[in-house]
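Source file: protein_20.cif. Holds: mmCIF, N, CA and C atoms.
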data_my_file
loop_
_atom_site.label_atom_id
_atom_site.label_comp_id
_atom_site.auth_asym_id
_atom_site.auth_seq_id
_atom_site.Cartn_x
_atom_site.Cartn_y
_atom_site.Cartn_z
N GLY A 865 -12.40 -7.56 -1.25
CA GLY A 865 -12.33 -6.30 -0.57
C GLY A 865 -11.38 -5.35 -1.27
N SER A 866 -11.30 -4.16 -0.80
CA SER A 866 -10.42 -3.16 -1.40
C SER A 866 -9.66 -2.40 -0.31
N PHE A 867 -8.52 -1.83 -0.73
CA PHE A 867 -7.69 -1.05 0.17
C PHE A 867 -7.06 0.07 -0.64
N GLU A 868 -7.03 1.27 -0.06
CA GLU A 868 -6.35 2.40 -0.68
C GLU A 868 -5.40 3.01 0.33
N GLY A 869 -4.12 3.13 -0.05
CA GLY A 869 -3.13 3.70 0.85
C GLY A 869 -1.77 3.08 0.63
N SER A 870 -0.91 3.16 1.64
CA SER A 870 0.44 2.61 1.58
C SER A 870 0.57 1.49 2.60
N LEU A 871 1.24 0.43 2.19
CA LEU A 871 1.47 -0.72 3.06
C LEU A 871 2.93 -1.11 3.03
N LYS A 872 3.45 -1.48 4.19
CA LYS A 872 4.76 -2.13 4.28
C LYS A 872 4.53 -3.37 5.12
N VAL A 873 4.57 -4.53 4.45
CA VAL A 873 4.26 -5.80 5.10
C VAL A 873 5.25 -6.87 4.66
N LYS A 874 5.23 -7.99 5.34
CA LYS A 874 6.09 -9.11 4.95
C LYS A 874 5.49 -9.86 3.76
N ASN A 875 4.19 -10.17 3.83
CA ASN A 875 3.52 -10.92 2.78
C ASN A 875 2.20 -10.24 2.43
N LEU A 876 1.91 -10.18 1.13
CA LEU A 876 0.64 -9.62 0.67
C LEU A 876 0.04 -10.56 -0.36
N TYR A 877 -1.23 -10.92 -0.14
CA TYR A 877 -1.94 -11.80 -1.06
C TYR A 877 -3.23 -11.09 -1.47
N ILE A 878 -3.34 -10.74 -2.75
CA ILE A 878 -4.54 -10.10 -3.27
C ILE A 878 -5.38 -11.17 -3.96
N LYS A 879 -6.52 -11.49 -3.38
CA LYS A 879 -7.39 -12.52 -3.95
C LYS A 879 -8.12 -11.99 -5.18
N LYS A 880 -8.82 -12.88 -5.89
CA LYS A 880 -9.49 -12.54 -7.16
C LYS A 880 -10.42 -11.35 -7.04
N THR A 881 -11.09 -11.21 -5.93
CA THR A 881 -12.04 -10.10 -5.75
C THR A 881 -11.38 -8.88 -5.11
N GLY A 882 -10.07 -8.96 -4.85
CA GLY A 882 -9.36 -7.88 -4.17
C GLY A 882 -8.93 -6.77 -5.11
N PHE A 883 -8.88 -5.55 -4.56
CA PHE A 883 -8.43 -4.38 -5.32
C PHE A 883 -7.59 -3.51 -4.39
N PHE A 884 -6.36 -3.21 -4.81
CA PHE A 884 -5.42 -2.43 -4.01
C PHE A 884 -4.99 -1.20 -4.81
N VAL A 885 -5.03 -0.03 -4.18
CA VAL A 885 -4.59 1.21 -4.82
C VAL A 885 -3.61 1.90 -3.89
N GLY A 886 -2.44 2.31 -4.42
CA GLY A 886 -1.49 3.06 -3.59
C GLY A 886 -0.06 2.64 -3.81
N PHE A 887 0.62 2.29 -2.71
CA PHE A 887 2.02 1.86 -2.73
C PHE A 887 2.16 0.67 -1.79
N VAL A 888 2.95 -0.32 -2.21
CA VAL A 888 3.19 -1.46 -1.33
C VAL A 888 4.66 -1.88 -1.39
N SER A 889 5.19 -2.17 -0.21
CA SER A 889 6.52 -2.74 -0.07
C SER A 889 6.35 -4.02 0.73
N ALA A 890 6.78 -5.15 0.15
CA ALA A 890 6.60 -6.44 0.82
C ALA A 890 7.68 -7.41 0.35
N ASP A 891 7.98 -8.40 1.20
CA ASP A 891 8.92 -9.43 0.80
C ASP A 891 8.31 -10.31 -0.29
N ASN A 892 7.04 -10.68 -0.11
CA ASN A 892 6.37 -11.58 -1.04
C ASN A 892 4.99 -11.05 -1.38
N ILE A 893 4.69 -11.00 -2.68
CA ILE A 893 3.38 -10.54 -3.14
C ILE A 893 2.83 -11.54 -4.15
N VAL A 894 1.60 -11.96 -3.92
CA VAL A 894 0.87 -12.81 -4.86
C VAL A 894 -0.38 -12.05 -5.27
N VAL A 895 -0.61 -11.95 -6.59
CA VAL A 895 -1.73 -11.16 -7.09
C VAL A 895 -2.65 -12.02 -7.94
N GLU A 896 -3.89 -12.21 -7.45
CA GLU A 896 -4.95 -12.84 -8.23
C GLU A 896 -5.97 -11.80 -8.67
N GLY A 897 -6.04 -10.69 -7.93
CA GLY A 897 -7.00 -9.62 -8.21
C GLY A 897 -6.34 -8.47 -8.94
N ASN A 898 -6.61 -7.25 -8.49
CA ASN A 898 -6.11 -6.06 -9.17
C ASN A 898 -5.29 -5.18 -8.23
N ILE A 899 -4.15 -4.73 -8.73
CA ILE A 899 -3.33 -3.75 -8.01
C ILE A 899 -3.08 -2.57 -8.94
N ASN A 900 -3.38 -1.38 -8.46
CA ASN A 900 -3.05 -0.15 -9.16
C ASN A 900 -2.13 0.61 -8.21
N ALA A 901 -0.84 0.23 -8.24
CA ALA A 901 0.08 0.73 -7.22
C ALA A 901 1.52 0.58 -7.68
N ASP A 902 2.40 1.34 -7.07
CA ASP A 902 3.83 1.13 -7.22
C ASP A 902 4.24 0.06 -6.21
N ILE A 903 5.11 -0.86 -6.65
CA ILE A 903 5.43 -2.05 -5.86
C ILE A 903 6.94 -2.19 -5.71
N GLN A 904 7.38 -2.49 -4.48
CA GLN A 904 8.76 -2.89 -4.21
C GLN A 904 8.67 -4.23 -3.51
N THR A 905 9.31 -5.26 -4.09
CA THR A 905 9.19 -6.59 -3.51
C THR A 905 10.38 -7.46 -3.86
N GLU A 906 10.62 -8.45 -3.02
CA GLU A 906 11.61 -9.47 -3.33
C GLU A 906 11.03 -10.46 -4.35
N ASN A 907 9.82 -10.95 -4.07
CA ASN A 907 9.20 -11.99 -4.88
C ASN A 907 7.79 -11.57 -5.28
N LEU A 908 7.54 -11.55 -6.58
CA LEU A 908 6.23 -11.18 -7.10
C LEU A 908 5.69 -12.31 -7.95
N HIS A 909 4.47 -12.75 -7.65
CA HIS A 909 3.80 -13.79 -8.45
C HIS A 909 2.47 -13.22 -8.94
N LEU A 910 2.39 -12.99 -10.24
CA LEU A 910 1.17 -12.51 -10.87
C LEU A 910 0.44 -13.71 -11.45
N LYS A 911 -0.70 -14.04 -10.84
CA LYS A 911 -1.49 -15.20 -11.26
C LYS A 911 -2.27 -14.89 -12.54
N SER A 912 -2.84 -15.91 -13.15
CA SER A 912 -3.52 -15.77 -14.44
C SER A 912 -4.71 -14.82 -14.39
N SER A 913 -5.34 -14.67 -13.24
CA SER A 913 -6.50 -13.77 -13.10
C SER A 913 -6.10 -12.37 -12.64
N GLY A 914 -4.80 -12.14 -12.40
CA GLY A 914 -4.34 -10.89 -11.80
C GLY A 914 -3.99 -9.81 -12.81
N THR A 915 -4.09 -8.56 -12.33
CA THR A 915 -3.70 -7.40 -13.11
C THR A 915 -2.90 -6.45 -12.23
N ILE A 916 -1.75 -6.01 -12.74
CA ILE A 916 -0.93 -5.04 -12.03
C ILE A 916 -0.75 -3.83 -12.94
N ASN A 917 -1.00 -2.65 -12.39
CA ASN A 917 -0.79 -1.40 -13.11
C ASN A 917 0.02 -0.49 -12.19
N GLY A 918 1.31 -0.30 -12.50
CA GLY A 918 2.16 0.53 -11.67
C GLY A 918 3.62 0.20 -11.90
N GLU A 919 4.48 0.99 -11.30
CA GLU A 919 5.91 0.74 -11.40
C GLU A 919 6.32 -0.35 -10.42
N ILE A 920 7.21 -1.24 -10.88
CA ILE A 920 7.57 -2.41 -10.08
C ILE A 920 9.09 -2.52 -9.97
N VAL A 921 9.57 -2.69 -8.74
CA VAL A 921 10.96 -3.04 -8.48
C VAL A 921 10.92 -4.38 -7.75
N TYR A 922 11.60 -5.38 -8.32
CA TYR A 922 11.50 -6.75 -7.79
C TYR A 922 12.85 -7.44 -7.86
N ARG A 923 12.97 -8.57 -7.16
CA ARG A 923 14.13 -9.43 -7.30
C ARG A 923 13.77 -10.65 -8.13
N ASN A 924 12.62 -11.27 -7.87
CA ASN A 924 12.15 -12.45 -8.61
C ASN A 924 10.71 -12.21 -9.03
N ILE A 925 10.38 -12.60 -10.26
CA ILE A 925 9.02 -12.40 -10.74
C ILE A 925 8.55 -13.63 -11.50
N ILE A 926 7.29 -13.98 -11.27
CA ILE A 926 6.62 -15.05 -12.01
C ILE A 926 5.32 -14.46 -12.54
N ILE A 927 5.10 -14.60 -13.84
CA ILE A 927 3.85 -14.15 -14.44
C ILE A 927 3.20 -15.35 -15.11
N ASP A 928 2.06 -15.78 -14.56
CA ASP A 928 1.33 -16.90 -15.14
C ASP A 928 0.66 -16.46 -16.44
N SER A 929 0.45 -17.41 -17.33
CA SER A 929 -0.24 -17.13 -18.58
C SER A 929 -1.61 -16.53 -18.29
N GLY A 930 -1.90 -15.39 -18.89
CA GLY A 930 -3.17 -14.70 -18.65
C GLY A 930 -3.04 -13.52 -17.70
N GLY A 931 -1.98 -13.49 -16.90
CA GLY A 931 -1.74 -12.36 -16.00
C GLY A 931 -1.45 -11.10 -16.81
N ILE A 932 -1.97 -9.96 -16.37
CA ILE A 932 -1.81 -8.72 -17.11
C ILE A 932 -0.92 -7.76 -16.33
N LEU A 933 0.16 -7.33 -16.98
CA LEU A 933 1.10 -6.40 -16.38
C LEU A 933 1.15 -5.15 -17.23
N LYS A 934 0.67 -4.03 -16.65
CA LYS A 934 0.70 -2.73 -17.32
C LYS A 934 1.63 -1.85 -16.50
N SER A 935 2.78 -1.53 -17.07
CA SER A 935 3.75 -0.79 -16.28
C SER A 935 4.67 0.02 -17.17
N SER A 936 5.04 1.20 -16.70
CA SER A 936 6.03 2.00 -17.41
C SER A 936 7.43 1.60 -17.00
N MET A 937 7.56 0.91 -15.85
CA MET A 937 8.87 0.46 -15.39
C MET A 937 8.73 -0.85 -14.62
N VAL A 938 9.44 -1.85 -15.09
CA VAL A 938 9.57 -3.11 -14.36
C VAL A 938 11.07 -3.34 -14.26
N GLN A 939 11.60 -3.26 -13.04
CA GLN A 939 13.05 -3.30 -12.86
C GLN A 939 13.46 -4.37 -11.88
N ASN A 940 14.39 -5.20 -12.31
CA ASN A 940 14.96 -6.23 -11.44
C ASN A 940 15.99 -5.58 -10.55
N VAL A 941 15.80 -5.65 -9.24
CA VAL A 941 16.70 -5.00 -8.28
C VAL A 941 18.12 -5.57 -8.37
N SER A 942 18.28 -6.83 -8.77
CA SER A 942 19.61 -7.40 -8.94
C SER A 942 20.37 -6.65 -10.03
N SER A 943 19.67 -6.29 -11.10
CA SER A 943 20.29 -5.53 -12.19
C SER A 943 20.69 -4.15 -11.72
N ILE A 944 19.86 -3.53 -10.89
CA ILE A 944 20.17 -2.21 -10.35
C ILE A 944 21.44 -2.28 -9.51
N ASN A 945 21.51 -3.29 -8.62
CA ASN A 945 22.69 -3.43 -7.76
C ASN A 945 23.95 -3.67 -8.58
N LYS A 946 23.88 -4.50 -9.64
CA LYS A 946 25.03 -4.76 -10.49
C LYS A 946 25.46 -3.47 -11.20
N PHE A 947 24.50 -2.69 -11.67
CA PHE A 947 24.80 -1.43 -12.36
C PHE A 947 25.49 -0.46 -11.41
N ILE A 948 24.98 -0.33 -10.19
CA ILE A 948 25.56 0.58 -9.21
C ILE A 948 27.00 0.17 -8.90
N LYS A 949 27.22 -1.13 -8.70
CA LYS A 949 28.58 -1.62 -8.41
C LYS A 949 29.51 -1.33 -9.57
N SER A 950 29.04 -1.52 -10.82
CA SER A 950 29.90 -1.29 -11.98
C SER A 950 30.23 0.19 -12.13
N GLN A 951 29.34 1.09 -11.71
CA GLN A 951 29.58 2.52 -11.81
C GLN A 951 30.61 2.99 -10.78
N LYS A 952 30.72 2.28 -9.66
CA LYS A 952 31.67 2.65 -8.61
C LYS A 952 33.09 2.22 -8.96
N SER A 953 33.24 1.26 -9.86
CA SER A 953 34.57 0.74 -10.22
C SER A 953 35.36 1.70 -11.08
#

Give the structure from the file, written as structure tokens.
Amino acid sequence: GSFEGSLKVKNLYIKKTGFFVGFVSADNIVVEGNINADIQTENLHLKSSGTINGEIVYRNIIIDSGGILKSSMVQNVSSINKFIKSQKS
């Protein structure tokens, strides 16, 4: 199936035939299908059949061999928090 729009959910699982377009904020995201969206997540797992195209802010990421990540920005939120704290000192 497909979805176009914005989502804020706890868990998102995009199956092999799934296609998501828009923006998503979730604690956990698993991608086997296609996402063309900006993503904010704690945990991202890009499976071997998955494709992500968009900006990503994450805490933990797993990319299986074969998974395709097309992004102008992939940022670990832990690094952002450390940078912000160091700038305040």

Exercise for the section: Counting all atoms listed in the file, figure out which residue out of A:Phe887, A:Phe867, A:Tyr922, A:Tyr877 gets nearest to A:Val938. Expected result: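 The closest residue to A:Val938 is A:Tyr922.
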
Exercise for the section: Name the residues in contact with A:Gly865 at a cut-off of 5 Å, using all atoms listed in the file, excluding same-chain residues fewer than 3 positions from it; report them as a PyMOL selection string. Expected result: chain A and resi 881-883

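Here atom C of A:Glu919 and atom C of A:Ser866 stand 19.0 Å from one another.
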
Would you kindly translate the PyMOL selection byres (((chain A and resi 891 and name CA) around 7) and name CA) into the concrete residues it picks from this file, as a CSV table (one decimal) with N, CA and C atoms, in the frame of the given file?
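Output below, filename selection.csv:
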chain,number,residue,atom,x,y,z
A,874,LYS,N,5.2,-8.0,5.3
A,874,LYS,CA,6.1,-9.1,5.0
A,874,LYS,C,5.5,-9.9,3.8
A,875,ASN,N,4.2,-10.2,3.8
A,875,ASN,CA,3.5,-10.9,2.8
A,875,ASN,C,2.2,-10.2,2.4
A,890,ALA,N,6.8,-5.2,0.2
A,890,ALA,CA,6.6,-6.4,0.8
A,890,ALA,C,7.7,-7.4,0.4
A,892,ASN,N,7.0,-10.7,-0.1
A,892,ASN,CA,6.4,-11.6,-1.0
A,892,ASN,C,5.0,-11.0,-1.4
A,893,ILE,N,4.7,-11.0,-2.7
A,893,ILE,CA,3.4,-10.5,-3.1
A,893,ILE,C,2.8,-11.5,-4.2
A,905,THR,N,9.3,-5.3,-4.1
A,905,THR,CA,9.2,-6.6,-3.5
A,905,THR,C,10.4,-7.5,-3.9
A,906,GLU,N,10.6,-8.4,-3.0
A,906,GLU,CA,11.6,-9.5,-3.3
A,906,GLU,C,11.0,-10.5,-4.4
A,907,ASN,N,9.8,-11.0,-4.1
A,907,ASN,CA,9.2,-12.0,-4.9
A,907,ASN,C,7.8,-11.6,-5.3

Problem - Test item, alpha helix (DSSP H) assignment across chain A, answer as a VMD selection string - result: chain A and resid 941 to 952

Grab the residues selected above and save them as an mmCIF file, in the frame of the given file with N, CA and C atoms.
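Result file is result.cif:
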data_model
loop_
_atom_site.group_PDB
_atom_site.id
_atom_site.type_symbol
_atom_site.label_atom_id
_atom_site.label_comp_id
_atom_site.auth_asym_id
_atom_site.auth_seq_id
_atom_site.Cartn_x
_atom_site.Cartn_y
_atom_site.Cartn_z
ATOM 1 N N VAL A 941 15.800 -5.650 -9.240
ATOM 2 C CA VAL A 941 16.700 -5.000 -8.280
ATOM 3 C C VAL A 941 18.120 -5.570 -8.370
ATOM 4 N N SER A 942 18.280 -6.830 -8.770
ATOM 5 C CA SER A 942 19.610 -7.400 -8.940
ATOM 6 C C SER A 942 20.370 -6.650 -10.030
ATOM 7 N N SER A 943 19.670 -6.290 -11.100
ATOM 8 C CA SER A 943 20.290 -5.530 -12.190
ATOM 9 C C SER A 943 20.690 -4.150 -11.720
ATOM 10 N N ILE A 944 19.860 -3.530 -10.890
ATOM 11 C CA ILE A 944 20.170 -2.210 -10.350
ATOM 12 C C ILE A 944 21.440 -2.280 -9.510
ATOM 13 N N ASN A 945 21.510 -3.290 -8.620
ATOM 14 C CA ASN A 945 22.690 -3.430 -7.760
ATOM 15 C C ASN A 945 23.950 -3.670 -8.580
ATOM 16 N N LYS A 946 23.880 -4.500 -9.640
ATOM 17 C CA LYS A 946 25.030 -4.760 -10.490
ATOM 18 C C LYS A 946 25.460 -3.470 -11.200
ATOM 19 N N PHE A 947 24.500 -2.690 -11.670
ATOM 20 C CA PHE A 947 24.800 -1.430 -12.360
ATOM 21 C C PHE A 947 25.490 -0.460 -11.410
ATOM 22 N N ILE A 948 24.980 -0.330 -10.190
ATOM 23 C CA ILE A 948 25.560 0.580 -9.210
ATOM 24 C C ILE A 948 27.000 0.170 -8.900
ATOM 25 N N LYS A 949 27.220 -1.130 -8.700
ATOM 26 C CA LYS A 949 28.580 -1.620 -8.410
ATOM 27 C C LYS A 949 29.510 -1.330 -9.570
ATOM 28 N N SER A 950 29.040 -1.520 -10.820
ATOM 29 C CA SER A 950 29.900 -1.290 -11.980
ATOM 30 C C SER A 950 30.230 0.190 -12.130
ATOM 31 N N GLN A 951 29.340 1.090 -11.710
ATOM 32 C CA GLN A 951 29.580 2.520 -11.810
ATOM 33 C C GLN A 951 30.610 2.990 -10.780
ATOM 34 N N LYS A 952 30.720 2.280 -9.660
ATOM 35 C CA LYS A 952 31.670 2.650 -8.610
ATOM 36 C C LYS A 952 33.090 2.220 -8.960
#

Practice task
Could you jot down the atom N of A:Val888 to atom CA of A:Ser942 separation for me, Å, one decimal place?
Solution key: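 Atom CA of A:Ser942 lies 19.3 Å from atom N of A:Val888.
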
Practice task
Tell me, as an MDAnalysis selection string, which residues lie within 6 Å of A:Lys934, counting only N, CA and C atoms; anything in the same chain fewer than 2 positions away does not count.
Solution key: chainID A and resid 916:918 932 936

Problem - 9 Å contact set for A:Phe884, only C-alpha atoms, chain neighbours under 6 positions out, as a PyMOL selection string - result: chain A and resi 865-869+878+897-901

Practice task
For atom CA of A:Lys872 and atom N of A:Arg923, quote the distance in Å rounded to one decimal.
Solution key: 15.5 Å

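For A:Val921, the list of residues within 7 Å, based on all atoms listed in the file and with local chain neighbours fewer than 5 positions off taken out, reads Asp902, Ile903, Gln904, Thr905, Glu906, Met937, Val938, Gln939, Asn940 and Val941 of chain A.
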
Practice task
Enumerate, as a ChimeraX atom specification, the residues matched when the PyMOL selection byres (((chain A and resi 895 and name CA) around 6) and name CA) is run on the file above.
Solution key: /A:878,894,896-897,910-911,914

Practice task
Please evaluate the PyMOL selection byres ((chain A and resi 928) around 5) against the displayed coordinates and give the resulting residues as a count of residues only.
Solution key: 8

Would you place a box with edges along x, y and z of the file around all atoms of stretch 892-909 of chain A listed there, add 4 Å to each of its six sides, and report the centre and edge lengths in Å to one decimal, as lines of an AutoDock Vina configuration file?
center_x = 2.3
center_y = -6.2
center_z = -4.6
size_x = 26.6
size_y = 23.1
size_z = 17.1

Problem - Best match for closeness to A:His909 among A:Leu871, A:Ile925, A:Val885, A:Leu876, counting all atoms listed in the file - result: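 With all atoms listed in the file as the atom set, the closest residue is A:Ile925.
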
When you get a chance, write out N, CA, C and O atoms for stretch 912-927 of chain A, as a PDB file, in the coordinates of the input.
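Result written to out_32.pdb:
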ATOM      1  N   SER A 912      -2.840 -15.910 -13.150  1.00  0.00           N
ATOM      2  CA  SER A 912      -3.520 -15.770 -14.440  1.00  0.00           C
ATOM      3  C   SER A 912      -4.710 -14.820 -14.390  1.00  0.00           C
ATOM      4  O   SER A 912      -5.036 -14.183 -15.393  1.00  0.00           O
ATOM      5  N   SER A 913      -5.340 -14.670 -13.240  1.00  0.00           N
ATOM      6  CA  SER A 913      -6.500 -13.770 -13.100  1.00  0.00           C
ATOM      7  C   SER A 913      -6.100 -12.370 -12.640  1.00  0.00           C
ATOM      8  O   SER A 913      -6.939 -11.493 -12.510  1.00  0.00           O
ATOM      9  N   GLY A 914      -4.800 -12.140 -12.400  1.00  0.00           N
ATOM     10  CA  GLY A 914      -4.340 -10.890 -11.800  1.00  0.00           C
ATOM     11  C   GLY A 914      -3.990  -9.810 -12.810  1.00  0.00           C
ATOM     12  O   GLY A 914      -3.642 -10.086 -13.955  1.00  0.00           O
ATOM     13  N   THR A 915      -4.090  -8.560 -12.330  1.00  0.00           N
ATOM     14  CA  THR A 915      -3.700  -7.400 -13.110  1.00  0.00           C
ATOM     15  C   THR A 915      -2.900  -6.450 -12.230  1.00  0.00           C
ATOM     16  O   THR A 915      -3.319  -6.139 -11.117  1.00  0.00           O
ATOM     17  N   ILE A 916      -1.750  -6.010 -12.740  1.00  0.00           N
ATOM     18  CA  ILE A 916      -0.930  -5.040 -12.030  1.00  0.00           C
ATOM     19  C   ILE A 916      -0.750  -3.830 -12.940  1.00  0.00           C
ATOM     20  O   ILE A 916      -0.359  -3.979 -14.105  1.00  0.00           O
ATOM     21  N   ASN A 917      -1.000  -2.650 -12.390  1.00  0.00           N
ATOM     22  CA  ASN A 917      -0.790  -1.400 -13.110  1.00  0.00           C
ATOM     23  C   ASN A 917       0.020  -0.490 -12.190  1.00  0.00           C
ATOM     24  O   ASN A 917      -0.491  -0.010 -11.190  1.00  0.00           O
ATOM     25  N   GLY A 918       1.310  -0.300 -12.500  1.00  0.00           N
ATOM     26  CA  GLY A 918       2.160   0.530 -11.670  1.00  0.00           C
ATOM     27  C   GLY A 918       3.620   0.200 -11.900  1.00  0.00           C
ATOM     28  O   GLY A 918       3.954  -0.734 -12.603  1.00  0.00           O
ATOM     29  N   GLU A 919       4.480   0.990 -11.300  1.00  0.00           N
ATOM     30  CA  GLU A 919       5.910   0.740 -11.400  1.00  0.00           C
ATOM     31  C   GLU A 919       6.320  -0.350 -10.420  1.00  0.00           C
ATOM     32  O   GLU A 919       5.847  -0.382  -9.288  1.00  0.00           O
ATOM     33  N   ILE A 920       7.210  -1.240 -10.880  1.00  0.00           N
ATOM     34  CA  ILE A 920       7.570  -2.410 -10.080  1.00  0.00           C
ATOM     35  C   ILE A 920       9.090  -2.520  -9.970  1.00  0.00           C
ATOM     36  O   ILE A 920       9.795  -2.450 -10.975  1.00  0.00           O
ATOM     37  N   VAL A 921       9.570  -2.690  -8.740  1.00  0.00           N
ATOM     38  CA  VAL A 921      10.960  -3.040  -8.480  1.00  0.00           C
ATOM     39  C   VAL A 921      10.920  -4.380  -7.750  1.00  0.00           C
ATOM     40  O   VAL A 921      10.279  -4.505  -6.713  1.00  0.00           O
ATOM     41  N   TYR A 922      11.600  -5.380  -8.320  1.00  0.00           N
ATOM     42  CA  TYR A 922      11.500  -6.750  -7.790  1.00  0.00           C
ATOM     43  C   TYR A 922      12.850  -7.440  -7.860  1.00  0.00           C
ATOM     44  O   TYR A 922      13.759  -6.996  -8.547  1.00  0.00           O
ATOM     45  N   ARG A 923      12.970  -8.570  -7.160  1.00  0.00           N
ATOM     46  CA  ARG A 923      14.130  -9.430  -7.300  1.00  0.00           C
ATOM     47  C   ARG A 923      13.770 -10.650  -8.130  1.00  0.00           C
ATOM     48  O   ARG A 923      14.504 -11.044  -9.020  1.00  0.00           O
ATOM     49  N   ASN A 924      12.620 -11.270  -7.870  1.00  0.00           N
ATOM     50  CA  ASN A 924      12.150 -12.450  -8.610  1.00  0.00           C
ATOM     51  C   ASN A 924      10.710 -12.210  -9.030  1.00  0.00           C
ATOM     52  O   ASN A 924       9.911 -11.726  -8.225  1.00  0.00           O
ATOM     53  N   ILE A 925      10.380 -12.600 -10.260  1.00  0.00           N
ATOM     54  CA  ILE A 925       9.020 -12.400 -10.740  1.00  0.00           C
ATOM     55  C   ILE A 925       8.550 -13.630 -11.500  1.00  0.00           C
ATOM     56  O   ILE A 925       9.323 -14.251 -12.243  1.00  0.00           O
ATOM     57  N   ILE A 926       7.290 -13.980 -11.270  1.00  0.00           N
ATOM     58  CA  ILE A 926       6.620 -15.050 -12.010  1.00  0.00           C
ATOM     59  C   ILE A 926       5.320 -14.460 -12.540  1.00  0.00           C
ATOM     60  O   ILE A 926       4.551 -13.873 -11.781  1.00  0.00           O
ATOM     61  N   ILE A 927       5.100 -14.600 -13.840  1.00  0.00           N
ATOM     62  CA  ILE A 927       3.850 -14.150 -14.440  1.00  0.00           C
ATOM     63  C   ILE A 927       3.200 -15.350 -15.110  1.00  0.00           C
ATOM     64  O   ILE A 927       3.724 -15.895 -16.084  1.00  0.00           O
TER      65      ILE A 927
END
